[in-house]
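Peer 1: This is the structure I have questions about; it appears just below.
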Amino acid sequence: MPARPRRRTSRLLLAAAAAILAATSLAGEPPPDVQGPAAPPRLADAADRAAFRAWFLALADAQFYRPTPDVTDCSSLVRHAVREALRPHTPDWWRRLGVDGLPSYPDVRHPPPSSGPGWPLFRTSPATRGEFADARTLIRFNASPVSRQVGGIRPGDLLYYRQQGGADHLMVYVGRSVFDAAASDWVVYHTGPDGSREGEARKVRLADLRRHPVPRWRPLEGNPAFAGVFRLSYL
């Protein structure tokens, strides 16, 4: 993991599907899953995507300030922020996960439905969804490529690294942080376990990451370990 810089998918069918989504959304009912189980998970409309983005960013960022036991590596940080962003943010939720300085945003109105005791928020294969997805699965089935360059990166996008002989790695681009106004290009990630160490959440500026002393961690097009910028299908 990087050395510590700072601690933390016939036009008619498509048109019909869009009409169904619009009609059900206007009626205030949860939209049907017209994409089917093989499609990456998506949200109903721009309002839900905006609400999801706000919560996702703040919750990923918050791991740097108050870690939670379910976040033990880079992919669990992403899963945590997705899952908690989609929940109803009730008083009980605030008691469990509230962080000093964490803003309140509108809830996602039409989150994906639960399945029995589980909540399959992630596509895990061409035909299945589940609760767990590692870094490679998140990128392969739950995100789309944006660019090999970071110039067009948006808050909520993922920086994806392929590691020779090791686990792939994800970082979350936060941009402006609700916790730290000192910069507008913050990146948050989790190191994951390393031998006897459990790992930790870290936070670094993108500008500093581009100059990282270890070249394989630089988010540059010329770095073969850097696979590029990816955007979650929820966004």
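Every chain in the structure tokens takes a letter, A first, then B, and so on in the order presented; its residues are numbered from 1, and the ligands are numbered from 1 following the presented order.
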Write out as a compact mmCIF listing (two decimals) with N, CA and C atoms, in the first residue's frame which residues come within 9 Å of Glu221 in chain A when counting only C-alpha atoms, dropping same-chain ones fewer than 5 positions away.
Peer 2:
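File selection.txt, as written:
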# COMPACT_ATOMS: atom_id res chain seq x y z
N SER A 147 -11.64 7.15 -17.61
CA SER A 147 -10.44 7.59 -18.32
C SER A 147 -9.21 6.97 -17.68
N ARG A 148 -8.13 6.90 -18.45
CA ARG A 148 -6.84 6.55 -17.86
C ARG A 148 -6.18 7.76 -17.23
N GLN A 149 -6.75 8.93 -17.45
CA GLN A 149 -6.21 10.15 -16.89
C GLN A 149 -7.15 10.67 -15.81
N VAL A 150 -6.63 11.44 -14.88
CA VAL A 150 -7.44 11.93 -13.77
C VAL A 150 -8.02 13.32 -14.02
N PHE A 226 -1.63 1.53 -12.82
CA PHE A 226 -2.84 2.34 -12.69
C PHE A 226 -3.79 2.03 -13.84
N ALA A 227 -4.93 1.36 -13.53
CA ALA A 227 -5.88 0.96 -14.57
C ALA A 227 -6.79 2.09 -14.98
N GLY A 228 -6.89 3.16 -14.17
CA GLY A 228 -7.67 4.31 -14.57
C GLY A 228 -8.73 4.69 -13.55
Peer 1: For His89 in chain A, please output as a PyMOL selection string all residues within 9 Å (counting only C-alpha atoms; exclusion window: fewer than 6 positions along the same chain).
Peer 2: chain A and resi 104-107
Peer 1: May I have all residues of range 46-192 of chain A that DSSP, computed from the backbone, assigns to strand (DSSP E), given as an NGL selection string?
Peer 2: :A and (122-123 or 129-130 or 143-147 or 158-161 or 169-175 or 186-190)
Peer 1: Could you find all residues in range 11-221 of chain A that DSSP calls alpha helix (DSSP H) from the backbone, and write them as a PyMOL selection string?
Peer 2: chain A and resi 11-26+46-62+74-86+91-97+135-142+206-209
Peer 1: Pull the closest atom pair for each residue of range 165-231 of chain A that gets at most 8 Å from range 51-62 of chain A, along with the distance in Å to one decimal, counting only C-alpha atoms, ordering rows by chain and then ascending residue number, as CSV.
Peer 2:
residue,atom,partner,partner_atom,distance
A:Val172,CA,A:Ala60,CA,7.4
A:Val174,CA,A:Leu57,CA,5.7
A:Ser177,CA,A:Asp61,CA,7.2
A:Val178,CA,A:Ala58,CA,6.8
A:Phe179,CA,A:Asp61,CA,7.9
A:Val188,CA,A:Asp61,CA,6.2
Peer 1: With only C-alpha atoms as the counted atoms, please give the residues lying no more than 10 Å from Arg129 in chain A, apart from itself and same-chain residues fewer than 3 positions off, as an NGL selection string.
Peer 2: :A and (37-41 or 119-126 or 132-133 or 141)
Peer 1: Just to be explicit: take each residue in the selection above, keep N, CA and C atoms, and write the result as a compact mmCIF listing (two decimals), in the first residue's frame.
Peer 2:
# COMPACT_ATOMS: atom_id res chain seq x y z
N PRO A 37 -31.39 -8.94 -13.27
CA PRO A 37 -30.34 -9.20 -12.29
C PRO A 37 -28.94 -9.12 -12.86
N ALA A 38 -28.78 -9.26 -14.19
CA ALA A 38 -27.45 -9.24 -14.77
C ALA A 38 -26.91 -7.83 -14.94
N ALA A 39 -27.76 -6.82 -14.84
CA ALA A 39 -27.32 -5.46 -15.07
C ALA A 39 -26.70 -4.87 -13.81
N PRO A 40 -25.75 -3.95 -13.95
CA PRO A 40 -25.22 -3.27 -12.77
C PRO A 40 -26.33 -2.51 -12.06
N PRO A 41 -26.27 -2.42 -10.75
CA PRO A 41 -27.32 -1.71 -10.01
C PRO A 41 -27.32 -0.23 -10.33
N TRP A 119 -28.93 -7.98 1.72
CA TRP A 119 -29.14 -6.81 0.87
C TRP A 119 -28.14 -6.88 -0.28
N PRO A 120 -28.51 -7.51 -1.40
CA PRO A 120 -27.56 -7.74 -2.50
C PRO A 120 -27.35 -6.48 -3.34
N LEU A 121 -26.49 -5.62 -2.89
CA LEU A 121 -26.28 -4.32 -3.52
C LEU A 121 -25.29 -4.36 -4.68
N PHE A 122 -24.57 -5.47 -4.83
CA PHE A 122 -23.49 -5.51 -5.82
C PHE A 122 -23.67 -6.67 -6.79
N ARG A 123 -23.41 -6.40 -8.04
CA ARG A 123 -23.38 -7.47 -9.03
C ARG A 123 -22.08 -8.25 -8.82
N THR A 124 -22.20 -9.56 -8.68
CA THR A 124 -21.03 -10.39 -8.38
C THR A 124 -20.62 -11.32 -9.52
N SER A 125 -21.46 -11.45 -10.54
CA SER A 125 -21.17 -12.27 -11.73
C SER A 125 -22.09 -11.77 -12.83
N PRO A 126 -21.99 -12.32 -14.05
CA PRO A 126 -22.91 -11.86 -15.11
C PRO A 126 -24.38 -12.04 -14.78
N PHE A 132 -21.29 -9.04 -0.99
CA PHE A 132 -19.84 -8.86 -0.97
C PHE A 132 -19.30 -8.75 -2.39
N ALA A 133 -18.35 -7.87 -2.58
CA ALA A 133 -17.64 -7.75 -3.86
C ALA A 133 -16.25 -7.22 -3.54
N PHE A 141 -18.01 -5.43 -12.53
CA PHE A 141 -19.46 -5.59 -12.64
C PHE A 141 -20.28 -4.42 -12.09
Peer 1: Take CA of Ala225 in chain A and CA of Gln163 in chain A and report the distance between them in Å, one decimal.
Peer 2: 6.2 Å
Peer 1: Point out the residue among A:Thr191, A:Asp48, A:Phe64, A:Tyr161 with the least atom-to-atom distance to Lys203 in chain A, counting only C-alpha atoms.
Peer 2: A:Phe64
